[in-house]
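Asks: This one is protein-v6.txt, compact mmCIF, C-alpha atoms.
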# COMPACT_ATOMS: atom_id res chain seq x y z
CA GLN U 1 -76.34 -4.03 -86.06
CA ASN U 2 -75.88 -4.33 -82.28
CA ASN U 3 -79.21 -5.92 -81.45
CA PRO U 4 -80.69 -8.02 -84.28
CA GLN U 5 -84.08 -9.64 -83.96
CA VAL U 6 -82.34 -13.00 -83.84
CA CYS U 7 -78.61 -13.07 -83.00
CA PRO U 8 -76.29 -15.42 -84.88
CA TYR U 9 -75.85 -18.85 -83.26
CA GLY U 10 -78.95 -18.24 -81.12
CA LEU U 11 -77.13 -15.90 -78.73
CA TYR U 12 -78.55 -13.14 -76.55
CA ALA U 13 -77.39 -9.54 -77.02
CA GLU U 14 -76.60 -7.62 -73.83
CA GLN U 15 -75.13 -4.14 -73.49
CA LEU U 16 -72.75 -3.25 -70.66
CA SER U 17 -72.67 0.52 -70.14
CA GLY U 18 -69.76 2.14 -68.35
CA SER U 19 -71.00 5.70 -68.76
CA ALA U 20 -74.25 7.61 -69.06
CA PHE U 21 -75.87 7.22 -72.48
CA THR U 22 -75.51 10.95 -73.11
CA CYS U 23 -71.83 11.35 -72.17
CA PRO U 24 -69.71 13.15 -74.78
CA ARG U 25 -68.50 10.76 -77.45
CA PRO U 26 -64.82 10.71 -76.26
CA THR U 27 -65.91 9.54 -72.79
CA ASN U 28 -68.82 7.32 -73.78
CA LYS U 29 -68.06 3.74 -72.71
CA ARG U 30 -70.07 0.67 -73.67
CA SER U 31 -69.66 -2.83 -75.03
CA TRP U 32 -72.08 -5.31 -76.55
CA LEU U 33 -71.83 -8.89 -75.27
CA TYR U 34 -73.29 -11.86 -77.14
CA ARG U 35 -74.10 -14.55 -74.58
CA ILE U 36 -75.45 -18.07 -74.39
CA LEU U 37 -77.76 -16.87 -71.60
CA PRO U 38 -78.19 -13.28 -70.35
CA SER U 39 -76.78 -12.32 -66.97
CA VAL U 40 -80.27 -11.57 -65.63
CA CYS U 41 -80.88 -15.31 -65.10
CA HIS U 42 -80.07 -15.66 -61.40
CA LYS U 43 -81.81 -16.11 -58.04
CA PRO U 44 -82.22 -13.07 -55.75
CA PHE U 45 -79.12 -11.60 -54.11
CA LYS U 46 -78.65 -12.21 -50.40
CA PRO U 47 -76.15 -10.57 -48.02
CA LEU U 48 -72.73 -12.18 -47.81
CA LYS U 49 -70.31 -11.68 -44.94
CA GLU U 50 -67.79 -9.01 -45.96
CA GLY U 51 -64.89 -10.02 -43.71
CA HIS U 52 -62.43 -7.12 -43.71
CA LEU U 53 -63.91 -5.30 -46.71
CA THR U 54 -65.41 -1.96 -45.66
CA HIS U 55 -66.11 1.64 -46.59
CA ASN U 56 -66.69 2.73 -42.99
CA TRP U 57 -64.05 5.42 -42.47
CA ASP U 58 -65.10 6.17 -38.88
CA GLU U 59 -64.10 2.87 -37.23
CA VAL U 60 -61.14 4.49 -35.45
CA GLU U 61 -59.92 8.01 -34.78
CA PRO U 62 -57.93 9.76 -37.56
CA ASP U 63 -54.15 9.37 -37.43
CA PRO U 64 -52.02 12.07 -39.15
CA ASN U 65 -48.73 10.30 -38.47
CA GLN U 66 -46.43 8.80 -41.06
CA LEU U 67 -47.55 5.18 -41.32
CA ARG U 68 -45.66 2.18 -42.62
CA TRP U 69 -46.69 -1.47 -42.78
CA LYS U 70 -44.51 -4.55 -42.82
CA PRO U 71 -45.36 -7.07 -45.58
CA PHE U 72 -48.94 -8.23 -45.16
CA GLU U 73 -49.18 -11.88 -44.14
CA ILE U 74 -50.58 -14.49 -46.51
CA PRO U 75 -52.53 -17.31 -44.83
CA LYS U 76 -51.16 -20.82 -45.27
CA ALA U 77 -53.45 -23.00 -47.39
CA ALA U 78 -52.99 -25.94 -45.02
CA GLU U 79 -54.44 -23.84 -42.20
CA ASN U 80 -57.05 -21.72 -43.96
CA LYS U 81 -58.03 -21.70 -47.63
CA VAL U 82 -58.63 -18.11 -48.74
CA ASP U 83 -59.60 -17.02 -52.24
CA PHE U 84 -59.45 -13.54 -53.78
CA VAL U 85 -62.82 -12.36 -52.44
CA SER U 86 -62.39 -13.66 -48.90
CA GLY U 87 -58.82 -12.31 -48.95
CA LEU U 88 -59.82 -8.68 -49.56
CA HIS U 89 -58.81 -6.31 -46.74
CA THR U 90 -59.56 -2.57 -46.83
CA LEU U 91 -56.60 -0.53 -45.61
CA CYS U 92 -57.80 3.05 -46.05
CA GLY U 93 -60.06 5.26 -48.10
CA ALA U 94 -62.38 8.25 -48.30
CA GLY U 95 -65.68 9.16 -49.88
CA GLU U 96 -68.79 7.12 -50.35
CA PRO U 97 -69.88 4.73 -53.13
CA ARG U 98 -73.53 5.82 -53.04
CA GLY U 99 -72.46 9.38 -53.82
CA ARG U 100 -70.17 8.08 -56.62
CA HIS U 101 -67.11 9.95 -55.36
CA GLY U 102 -64.23 8.44 -53.43
CA ILE U 103 -61.54 5.80 -53.34
CA ALA U 104 -60.52 2.77 -51.30
CA ILE U 105 -57.18 1.00 -51.05
CA HIS U 106 -57.33 -2.74 -50.44
CA ILE U 107 -54.78 -5.48 -49.86
CA TYR U 108 -55.52 -8.95 -51.20
CA VAL U 109 -53.91 -12.06 -49.75
CA CYS U 110 -55.03 -15.48 -50.96
CA ASN U 111 -53.85 -19.05 -51.46
CA THR U 112 -56.61 -20.75 -53.42
CA SER U 113 -58.54 -20.10 -56.63
CA MET U 114 -62.14 -18.97 -56.85
CA LEU U 115 -64.22 -22.04 -57.66
CA ASN U 116 -67.66 -21.67 -59.24
CA ARG U 117 -67.93 -18.08 -58.10
CA CYS U 118 -67.22 -14.68 -59.55
CA LEU U 119 -67.23 -11.06 -58.39
CA TYR U 120 -68.41 -7.83 -59.93
CA ASN U 121 -68.08 -4.35 -58.47
CA SER U 122 -71.14 -2.11 -58.61
CA ASP U 123 -69.28 0.66 -56.75
CA GLY U 124 -66.26 1.41 -58.92
CA ASP U 125 -63.22 0.28 -60.86
CA PHE U 126 -60.50 -2.03 -59.48
CA LEU U 127 -56.89 -1.33 -60.43
CA ILE U 128 -55.06 -4.51 -59.38
CA VAL U 129 -51.30 -4.56 -58.71
CA PRO U 130 -49.97 -8.11 -58.15
CA GLN U 131 -46.93 -8.23 -55.86
CA GLN U 132 -46.40 -11.93 -55.20
CA GLY U 133 -47.74 -14.63 -57.49
CA LYS U 134 -49.34 -14.35 -60.91
CA VAL U 135 -53.12 -14.36 -61.25
CA LEU U 136 -55.20 -15.73 -64.09
CA ILE U 137 -58.26 -13.50 -64.30
CA THR U 138 -61.22 -14.84 -66.22
CA THR U 139 -63.64 -12.10 -67.30
CA GLU U 140 -66.75 -11.95 -69.43
CA PHE U 141 -64.49 -10.59 -72.19
CA GLY U 142 -61.86 -13.34 -71.96
CA LYS U 143 -58.84 -14.30 -69.88
CA MET U 144 -55.85 -12.26 -68.70
CA MET U 145 -52.71 -13.63 -67.04
CA VAL U 146 -51.34 -10.83 -64.86
CA GLU U 147 -47.93 -11.17 -63.22
CA PRO U 148 -45.96 -8.98 -60.81
CA ASN U 149 -44.70 -5.90 -62.66
CA GLU U 150 -47.97 -5.83 -64.60
CA ILE U 151 -51.27 -4.26 -63.63
CA CYS U 152 -54.85 -4.78 -64.73
CA VAL U 153 -58.06 -2.79 -64.47
CA ILE U 154 -61.45 -4.43 -64.01
CA GLN U 155 -64.01 -1.72 -64.64
CA LEU U 156 -67.38 -1.12 -63.01
CA GLY U 157 -69.81 -4.00 -63.41
CA MET U 158 -67.49 -6.50 -65.11
CA ARG U 159 -67.70 -10.04 -63.74
CA PHE U 160 -64.42 -11.81 -63.06
CA SER U 161 -62.90 -14.75 -61.27
CA VAL U 162 -59.32 -15.12 -60.01
CA GLU U 163 -57.18 -18.25 -60.26
CA VAL U 164 -53.94 -18.36 -58.24
CA PHE U 165 -50.95 -20.69 -58.23
CA GLY U 166 -49.80 -20.58 -54.62
CA GLU U 167 -49.47 -17.89 -51.99
CA THR U 168 -50.55 -14.65 -53.65
CA ARG U 169 -50.54 -11.00 -52.56
CA GLY U 170 -51.16 -7.60 -54.10
CA TYR U 171 -52.69 -4.15 -53.88
CA ILE U 172 -55.95 -2.72 -55.22
CA LEU U 173 -56.90 0.90 -55.88
CA GLU U 174 -60.68 1.27 -56.14
CA VAL U 175 -62.24 4.48 -57.48
CA TYR U 176 -65.90 5.45 -57.20
CA GLY U 177 -67.49 7.58 -59.90
CA ALA U 178 -64.64 7.84 -62.43
CA HIS U 179 -62.73 5.61 -64.81
CA PHE U 180 -58.97 5.42 -65.20
CA GLU U 181 -57.50 7.02 -68.29
CA LEU U 182 -54.14 8.05 -69.66
CA PRO U 183 -52.97 11.43 -68.33
CA ASP U 184 -52.77 14.40 -70.64
CA LEU U 185 -49.20 14.95 -71.88
CA GLY U 186 -49.16 18.73 -72.30
CA PRO U 187 -45.66 19.99 -73.25
CA ILE U 188 -44.37 16.40 -73.33
CA GLY U 189 -46.09 16.09 -76.68
CA ALA U 190 -47.64 13.13 -78.43
CA ASN U 191 -45.32 10.38 -77.13
CA GLY U 192 -44.19 9.34 -73.69
CA LEU U 193 -45.17 7.80 -70.34
CA ALA U 194 -47.65 4.94 -70.93
CA ASN U 195 -48.53 4.55 -74.61
CA ALA U 196 -51.99 3.38 -75.60
CA ARG U 197 -50.63 0.66 -77.90
CA ASP U 198 -49.10 -1.22 -74.94
CA PHE U 199 -52.42 -1.81 -73.18
CA LEU U 200 -53.84 -5.27 -73.80
CA VAL U 201 -57.46 -6.43 -73.76
CA PRO U 202 -58.72 -10.03 -73.67
CA VAL U 203 -59.77 -12.03 -76.68
CA ALA U 204 -63.29 -13.46 -76.46
CA TRP U 205 -63.40 -16.81 -74.66
CA TYR U 206 -66.45 -18.67 -73.43
CA GLU U 207 -67.59 -21.76 -71.61
CA ASP U 208 -71.00 -23.37 -72.06
CA HIS U 209 -70.88 -24.78 -68.58
CA GLN U 210 -73.77 -25.85 -66.39
CA VAL U 211 -73.31 -25.87 -62.61
CA PRO U 212 -76.14 -27.94 -61.10
CA GLY U 213 -74.89 -27.28 -57.57
CA GLY U 214 -75.07 -23.55 -58.18
CA TYR U 215 -72.67 -20.92 -59.44
CA THR U 216 -72.26 -17.97 -57.04
CA VAL U 217 -72.26 -14.44 -58.43
CA ILE U 218 -71.01 -11.92 -55.86
CA SER U 219 -71.86 -8.24 -56.14
CA LYS U 220 -70.01 -5.51 -54.27
CA TYR U 221 -72.82 -3.01 -53.85
CA GLN U 222 -72.77 0.12 -51.68
CA GLY U 223 -69.69 -1.24 -49.93
CA LYS U 224 -71.36 -4.53 -48.98
CA LEU U 225 -71.17 -8.00 -50.53
CA PHE U 226 -74.20 -9.87 -51.83
CA ALA U 227 -74.41 -13.35 -53.41
CA ALA U 228 -76.81 -14.81 -55.95
CA GLN U 229 -77.02 -18.36 -57.30
CA GLN U 230 -77.40 -19.40 -60.92
CA GLU U 231 -77.13 -22.68 -62.81
CA PHE U 232 -74.49 -21.72 -65.39
CA SER U 233 -71.12 -20.05 -65.75
CA PRO U 234 -71.29 -16.26 -66.28
CA PHE U 235 -68.34 -16.55 -68.66
CA ASN U 236 -70.61 -17.51 -71.53
CA VAL U 237 -69.87 -14.56 -73.81
CA VAL U 238 -69.13 -15.96 -77.27
CA ALA U 239 -68.31 -12.58 -78.84
CA TRP U 240 -68.19 -8.91 -77.92
CA HIS U 241 -67.41 -5.52 -79.39
CA GLY U 242 -67.05 -2.06 -77.86
CA ASN U 243 -64.69 0.21 -75.96
CA TYR U 244 -65.59 -0.74 -72.38
CA THR U 245 -63.30 -3.61 -71.47
CA PRO U 246 -60.96 -4.95 -68.82
CA TYR U 247 -57.30 -4.41 -69.68
CA LYS U 248 -53.77 -4.99 -68.52
CA TYR U 249 -50.47 -3.14 -68.86
CA PRO U 250 -46.84 -4.29 -68.43
CA LEU U 251 -45.03 -1.67 -66.35
CA ASP U 252 -41.71 -2.22 -68.15
CA LYS U 253 -43.29 -0.60 -71.24
CA PHE U 254 -43.45 2.77 -69.45
CA MET U 255 -41.41 5.46 -71.24
CA VAL U 256 -39.62 7.18 -68.38
CA ILE U 257 -38.99 10.94 -68.54
CA ASN U 258 -36.56 12.53 -66.11
CA ALA U 259 -34.59 15.72 -65.36
CA VAL U 260 -31.38 15.85 -67.43
CA ALA U 261 -29.88 19.15 -66.20
CA PHE U 262 -30.60 19.91 -62.53
CA ASP U 263 -33.25 19.55 -59.81
CA HIS U 264 -36.26 17.23 -59.84
CA ALA U 265 -39.23 17.09 -62.11
CA ASP U 266 -42.40 16.54 -60.09
CA PRO U 267 -43.38 12.86 -59.61
CA SER U 268 -46.41 13.46 -61.84
CA ILE U 269 -44.10 12.61 -64.75
CA PHE U 270 -44.34 8.99 -63.59
CA THR U 271 -48.16 8.82 -63.84
CA VAL U 272 -49.39 5.70 -65.63
CA LEU U 273 -53.14 6.20 -65.21
CA THR U 274 -55.35 8.86 -63.68
CA ALA U 275 -58.96 9.08 -62.56
CA LYS U 276 -59.96 12.71 -62.94
CA THR U 277 -62.26 14.97 -60.94
CA THR U 278 -64.22 17.87 -62.39
CA ARG U 279 -61.48 20.24 -61.17
CA PRO U 280 -58.85 20.60 -63.90
CA GLY U 281 -55.56 19.03 -62.93
CA VAL U 282 -56.84 17.60 -59.63
CA ALA U 283 -57.11 13.80 -59.62
CA LEU U 284 -59.46 11.62 -57.69
CA ALA U 285 -56.60 9.13 -57.92
CA ASP U 286 -53.33 8.73 -59.81
CA PHE U 287 -51.38 5.51 -60.27
CA VAL U 288 -47.69 6.43 -60.33
CA ILE U 289 -44.62 4.19 -60.66
CA PHE U 290 -40.91 4.68 -59.93
CA PRO U 291 -39.23 2.42 -62.49
CA PRO U 292 -35.53 1.84 -63.26
CA ARG U 293 -34.05 4.93 -64.93
CA TRP U 294 -30.93 7.06 -65.28
CA GLY U 295 -30.10 9.80 -62.80
CA VAL U 296 -27.88 12.50 -64.31
CA ALA U 297 -28.90 15.80 -62.68
CA ASN U 298 -25.98 18.10 -61.81
CA ASN U 299 -25.50 19.70 -58.38
CA THR U 300 -28.71 18.01 -57.24
CA PHE U 301 -29.79 15.93 -54.26
CA ARG U 302 -31.08 13.05 -56.34
CA PRO U 303 -33.33 10.98 -54.06
CA PRO U 304 -36.87 12.24 -53.40
CA TYR U 305 -36.82 15.54 -51.55
CA TYR U 306 -38.46 16.33 -48.20
CA HIS U 307 -42.04 17.13 -48.86
CA ARG U 308 -45.44 18.14 -47.49
CA ASN U 309 -48.27 17.57 -49.92
CA CYS U 310 -51.89 18.65 -50.30
CA MET U 311 -52.49 15.14 -51.66
CA SER U 312 -52.47 11.78 -49.82
CA GLU U 313 -49.75 9.35 -50.87
CA PHE U 314 -49.90 5.57 -50.40
CA MET U 315 -46.79 3.73 -51.56
CA GLY U 316 -46.24 0.05 -52.18
CA LEU U 317 -43.25 -1.96 -53.31
CA ILE U 318 -43.52 -4.78 -55.84
CA THR U 319 -39.87 -5.79 -55.83
CA GLY U 320 -36.41 -4.53 -54.85
CA HIS U 321 -35.42 -1.70 -52.49
CA TYR U 322 -36.88 1.80 -52.62
CA GLU U 323 -34.06 4.33 -52.98
CA ALA U 324 -35.21 6.74 -50.25
CA LYS U 325 -35.69 4.06 -47.60
CA GLU U 326 -33.65 0.95 -48.36
CA GLU U 327 -34.32 -0.51 -44.90
CA GLY U 328 -37.78 -1.08 -43.47
CA PHE U 329 -39.85 -0.48 -46.60
CA GLN U 330 -40.29 -4.00 -47.98
CA PRO U 331 -42.05 -5.66 -50.91
CA GLY U 332 -45.59 -6.55 -49.95
CA GLY U 333 -45.78 -3.77 -47.36
CA GLY U 334 -46.77 -0.15 -47.73
CA SER U 335 -46.67 3.38 -46.37
CA LEU U 336 -49.16 6.22 -46.09
CA HIS U 337 -48.18 9.87 -45.89
CA SER U 338 -51.39 11.74 -45.32
CA MET U 339 -52.35 15.22 -46.40
CA MET U 340 -49.69 17.75 -45.27
CA THR U 341 -47.82 15.12 -43.23
CA PRO U 342 -44.06 15.64 -43.82
CA HIS U 343 -42.01 12.83 -45.31
CA GLY U 344 -38.81 12.22 -47.23
CA PRO U 345 -35.59 10.21 -47.27
CA ASP U 346 -34.39 8.61 -44.06
CA ALA U 347 -31.21 9.77 -42.33
CA ASP U 348 -28.93 7.19 -43.96
CA CYS U 349 -30.18 8.07 -47.43
CA PHE U 350 -29.73 11.80 -46.81
CA GLU U 351 -26.15 11.48 -45.59
CA LYS U 352 -25.18 9.09 -48.37
CA ALA U 353 -26.74 11.14 -51.17
CA SER U 354 -25.36 14.44 -49.84
CA LYS U 355 -21.80 13.11 -50.12
CA ALA U 356 -22.16 11.03 -53.29
CA LYS U 357 -20.03 11.73 -56.34
CA LEU U 358 -22.44 12.98 -58.98
CA GLU U 359 -22.09 11.01 -62.17
CA PRO U 360 -24.62 9.26 -64.39
CA GLU U 361 -26.06 6.32 -62.46
CA ARG U 362 -28.82 3.79 -62.79
CA VAL U 363 -31.56 4.47 -60.27
CA ALA U 364 -33.93 1.81 -58.93
CA GLU U 365 -32.37 -1.01 -60.96
CA GLY U 366 -34.22 -4.23 -60.11
CA THR U 367 -36.87 -2.25 -58.23
CA MET U 368 -40.47 -1.28 -58.84
CA ALA U 369 -42.20 0.98 -56.33
CA PHE U 370 -45.56 2.63 -56.98
CA MET U 371 -47.84 5.26 -55.49
CA PHE U 372 -51.59 5.64 -55.23
CA GLU U 373 -52.04 9.41 -54.91
CA THR U 374 -55.36 11.12 -54.25
CA SER U 375 -56.75 14.58 -53.57
CA LEU U 376 -58.89 13.05 -50.80
CA SER U 377 -57.88 12.89 -47.14
CA LEU U 378 -57.73 9.17 -46.34
CA SER U 379 -58.91 7.41 -43.20
CA VAL U 380 -57.23 4.17 -42.13
CA THR U 381 -59.45 1.25 -41.14
CA LYS U 382 -59.36 -0.61 -37.85
CA TRP U 383 -57.87 -3.55 -39.74
CA GLY U 384 -55.05 -1.33 -41.03
CA LEU U 385 -54.22 0.26 -37.67
CA GLN U 386 -54.83 -2.67 -35.35
CA THR U 387 -56.17 -5.99 -36.58
CA CYS U 388 -53.55 -6.76 -39.26
CA ASN U 389 -50.77 -6.33 -36.69
CA ARG U 390 -48.37 -5.23 -39.45
CA LEU U 391 -48.07 -1.52 -38.58
CA ASP U 392 -44.43 -0.54 -38.04
CA LYS U 393 -44.63 1.60 -34.91
CA SER U 394 -40.93 2.47 -35.13
CA TYR U 395 -41.25 4.14 -38.56
CA TYR U 396 -40.73 7.67 -37.21
CA GLN U 397 -37.32 6.67 -35.88
CA CYS U 398 -35.80 6.56 -39.37
CA TRP U 399 -35.69 10.39 -39.30
CA GLU U 400 -34.48 10.84 -35.72
CA PRO U 401 -30.73 10.64 -36.58
CA LEU U 402 -31.06 13.66 -38.90
CA LYS U 403 -28.82 16.41 -37.53
CA SER U 404 -28.28 20.08 -38.20
CA HIS U 405 -25.54 21.00 -40.68
CA PHE U 406 -26.24 24.72 -40.41
CA ASN U 407 -23.15 26.94 -40.45
CA PRO U 408 -23.90 30.69 -40.68
CA LYS U 409 -20.26 31.37 -41.64
CA CYS U 410 -20.30 29.03 -44.60
CA LYS U 411 -20.93 30.50 -48.05
Any chance you could put this one into structure tokens?
Replies:
Amino acid sequence: QNNPQVCPYGLYAEQLSGSAFTCPRPTNKRSWLYRILPSVCHKPFKPLKEGHLTHNWDEVEPDPNQLRWKPFEIPKAAENKVDFVSGLHTLCGAGEPRGRHGIAIHIYVCNTSMLNRCLYNSDGDFLIVPQQGKVLITTEFGKMMVEPNEICVIQLGMRFSVEVFGETRGYILEVYGAHFELPDLGPIGANGLANARDFLVPVAWYEDHQVPGGYTVISKYQGKLFAAQQEFSPFNVVAWHGNYTPYKYPLDKFMVINAVAFDHADPSIFTVLTAKTTRPGVALADFVIFPPRWGVANNTFRPPYYHRNCMSEFMGLITGHYEAKEEGFQPGGGSLHSMMTPHGPDADCFEKASKAKLEPERVAEGTMAFMFETSLSLSVTKWGLQTCNRLDKSYYQCWEPLKSHFNPKCK
């Protein structure tokens, strides 16, 4: 049974619910944790300075322009020791955690490990994309080593701590009010894209560790940070069972599907995970990747086409050079093309691809770009537009050399 009168080994039973009790069985998420002490044993929470973490989307006026950021700077440990929590910076977002609907995109930059402190998110799920430096994430369910070209998801309410091994940087997609899941495959059939068998969950690991000086438990609650003290490690779960867990996924396991005759398939074929809304086919957020693949389409302009979208698209680069903008878009940076803002390949890419000999070719070899796409209209924070000082104000110039090739006499 889940909750015996006396648990084996003198443990405490504690349920962690990731969904309402009465959710339909396919979406009902919960796990039972068997702990040395229950997580309720802590002093009262007190406000903690948030730094650059925010959900205030009205700090600055909206900006509909194409935005691109140079690689975000990582503080030097000799000058300023920054761990994962203090290194969180909100770049953009929309919605509101109290209403349980919205997203936020954060950048993390850190150079030191979290010591005797952990974080849990009461607002939503974190999808973490390491870009520079591996991270060892200790959770209540066990440990996960997550390296660049892998992702992990820490779901609502799960306590975790992050150990780093030098200067570390990455991206976070936070969703309020929904969990990530595999997209429906429709006509693709039973196999393809990200397969469930390639997702990994931790094996139970525990420490019976007292911290007389105080262990700090940090809660992200209604967009603010709060800290509570306790005398023991929260990673004291000896065993667990259930379907509500943290997990990781290696991006090189993604089964890529592509056009093999002509034209482009929509980029939705590269969706790894989605967080759905109640509107069929409309996502609160999608996590999409652009992995190495073959390009074989005949009589087709093969790079991404020029586009205006009813969704908002944030792109990041883990490694390599993105095919549509080989200059300027760098690993550790990002770009945001807001709702209905036009975007597409730069002038050099257009001219080169328009004249290229069409034969089978490897696309994006040695590269991994990704996209956080959302149906919400995103606002950029003051940190993103001003304080970080990484906004590339010359971005628009990459399209200025585009020229007219129109010839009304040409057939």
Asks: Which one of U:Pro38, U:Pro4, U:Pro75, U:Gly18 sits closest to Met158 in chain U if you count all atoms listed in the file?
Replies: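 Ranked by minimum distance to Met158 in chain U, first place goes to U:Gly18.
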Asks: Please identify every residue of range 58-126 of chain U that has at least one atom no farther than 12 Å from an atom of range 237-257 of chain U, counting all atoms listed in the file, and for each give the shortest atom pair and the distance in Å to one decimal, arranged by chain then increasing number, as a tab-separated table.
Replies:
residue	atom	partner	partner_atom	distance
U:Tyr120	CA	U:Pro246	CA	12.0
U:Asp125	CA	U:Pro246	CA	9.8
U:Phe126	CA	U:Pro246	CA	9.8
Asks: Just checking: using all atoms listed in the file, which residue out of U:Pro360, U:Ala178, U:Thr112, U:Phe350 ends up closest to Val260 in chain U?
Replies: U:Pro360
Asks: Which of these, U:Cys398, U:Val203, U:Ile36, U:Leu336, has the shortest distance to Asp63 in chain U once you count all atoms listed in the file?
Replies: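 Closest to Asp63 in chain U, using all atoms listed in the file: U:Leu336.
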Asks: Could you give me, as a Markdown table, every range 95-198 of chain U residue with an atom at most 6 Å from range 217-223 of chain U, plus its closest atom pair and distance in Å to one decimal, counting only C-alpha atoms, rows ordered by chain then number?
Replies:
| residue | atom | partner | partner_atom | distance |
| --- | --- | --- | --- | --- |
| U:Pro97 | CA | U:Gln222 | CA | 5.6 |
| U:Arg98 | CA | U:Gln222 | CA | 5.9 |
| U:Arg117 | CA | U:Val217 | CA | 5.7 |
| U:Cys118 | CA | U:Val217 | CA | 5.2 |
| U:Leu119 | CA | U:Ile218 | CA | 4.6 |
| U:Tyr120 | CA | U:Ser219 | CA | 5.1 |
| U:Asn121 | CA | U:Lys220 | CA | 4.8 |
| U:Ser122 | CA | U:Tyr221 | CA | 5.1 |
| U:Asp123 | CA | U:Tyr221 | CA | 5.9 |
Asks: Quick one: residues within 6 Å of range 67-70 of chain U, all atoms listed in the file counted, chain neighbours fewer than 5 positions away excluded, as a PyMOL selection string?
Replies: chain U and resi 333-336+390-392
Asks: Give the answer as one residue: which of U:Ser19, U:Thr374, U:Ser338, U:Asn116 has the shortest atom-to-atom distance to Ala275 in chain U, using all atoms listed in the file?
Replies: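 Nearest candidate to Ala275 in chain U out of U:Ser19, U:Thr374, U:Ser338, U:Asn116: U:Thr374.
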Asks: Given only C-alpha atoms as the basis, pick out the residue of U:Val129, U:Asn258, U:Met144, U:Lys134 nearest to Leu317 in chain U.
Replies: U:Val129
Asks: Which of these, U:Gly124, U:Gly157, U:Gly328, U:Pro202, has the shortest distance to Leu136 in chain U once you count all atoms listed in the file?
Replies: U:Pro202
Asks: Would you work out the distance separating CA of Met114 in chain U from CA of Cys388 in chain U, expressed in Å to one decimal?
Replies: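 Going from CA of Met114 in chain U over to CA of Cys388 in chain U covers 23.1 Å.
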Asks: List every protein, DNA or RNA residue with an atom no more than 8 Å from (-57.1, -18.0, -58.2) in the file's coordinates, counting all atoms listed in the file, and format the result as a PyMOL selection string.
Replies: chain U and resi 83-84+110-114+135-137+161-165
Asks: List every protein, DNA or RNA residue that has an atom no more than 10 Å from (-45.5, -11.3, -62.5) in the file's coordinate frame, counting all atoms listed in the file, and report them as a PDB file with C-alpha atoms, keeping the file's coordinate frame.
Replies:
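Resulting contents of part22.pdb:
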ATOM      1  CA  VAL U 129     -51.300  -4.560 -58.710  1.00  0.00           C
ATOM      2  CA  PRO U 130     -49.970  -8.110 -58.150  1.00  0.00           C
ATOM      3  CA  GLN U 131     -46.930  -8.230 -55.860  1.00  0.00           C
ATOM      4  CA  GLN U 132     -46.400 -11.930 -55.200  1.00  0.00           C
ATOM      5  CA  GLY U 133     -47.740 -14.630 -57.490  1.00  0.00           C
ATOM      6  CA  LYS U 134     -49.340 -14.350 -60.910  1.00  0.00           C
ATOM      7  CA  VAL U 135     -53.120 -14.360 -61.250  1.00  0.00           C
ATOM      8  CA  MET U 145     -52.710 -13.630 -67.040  1.00  0.00           C
ATOM      9  CA  VAL U 146     -51.340 -10.830 -64.860  1.00  0.00           C
ATOM     10  CA  GLU U 147     -47.930 -11.170 -63.220  1.00  0.00           C
ATOM     11  CA  PRO U 148     -45.960  -8.980 -60.810  1.00  0.00           C
ATOM     12  CA  ASN U 149     -44.700  -5.900 -62.660  1.00  0.00           C
ATOM     13  CA  GLU U 150     -47.970  -5.830 -64.600  1.00  0.00           C
ATOM     14  CA  ILE U 151     -51.270  -4.260 -63.630  1.00  0.00           C
ATOM     15  CA  PRO U 250     -46.840  -4.290 -68.430  1.00  0.00           C
ATOM     16  CA  ILE U 318     -43.520  -4.780 -55.840  1.00  0.00           C
TER      17      ILE U 318
END
Asks: Please list as a PyMOL selection string every residue within 12 Å of Cys349 in chain U, counting all atoms listed in the file and excluding residues in the same chain fewer than 4 positions away.
Replies: chain U and resi 301-306+322-327+344-345+353-356+398-399+401-402
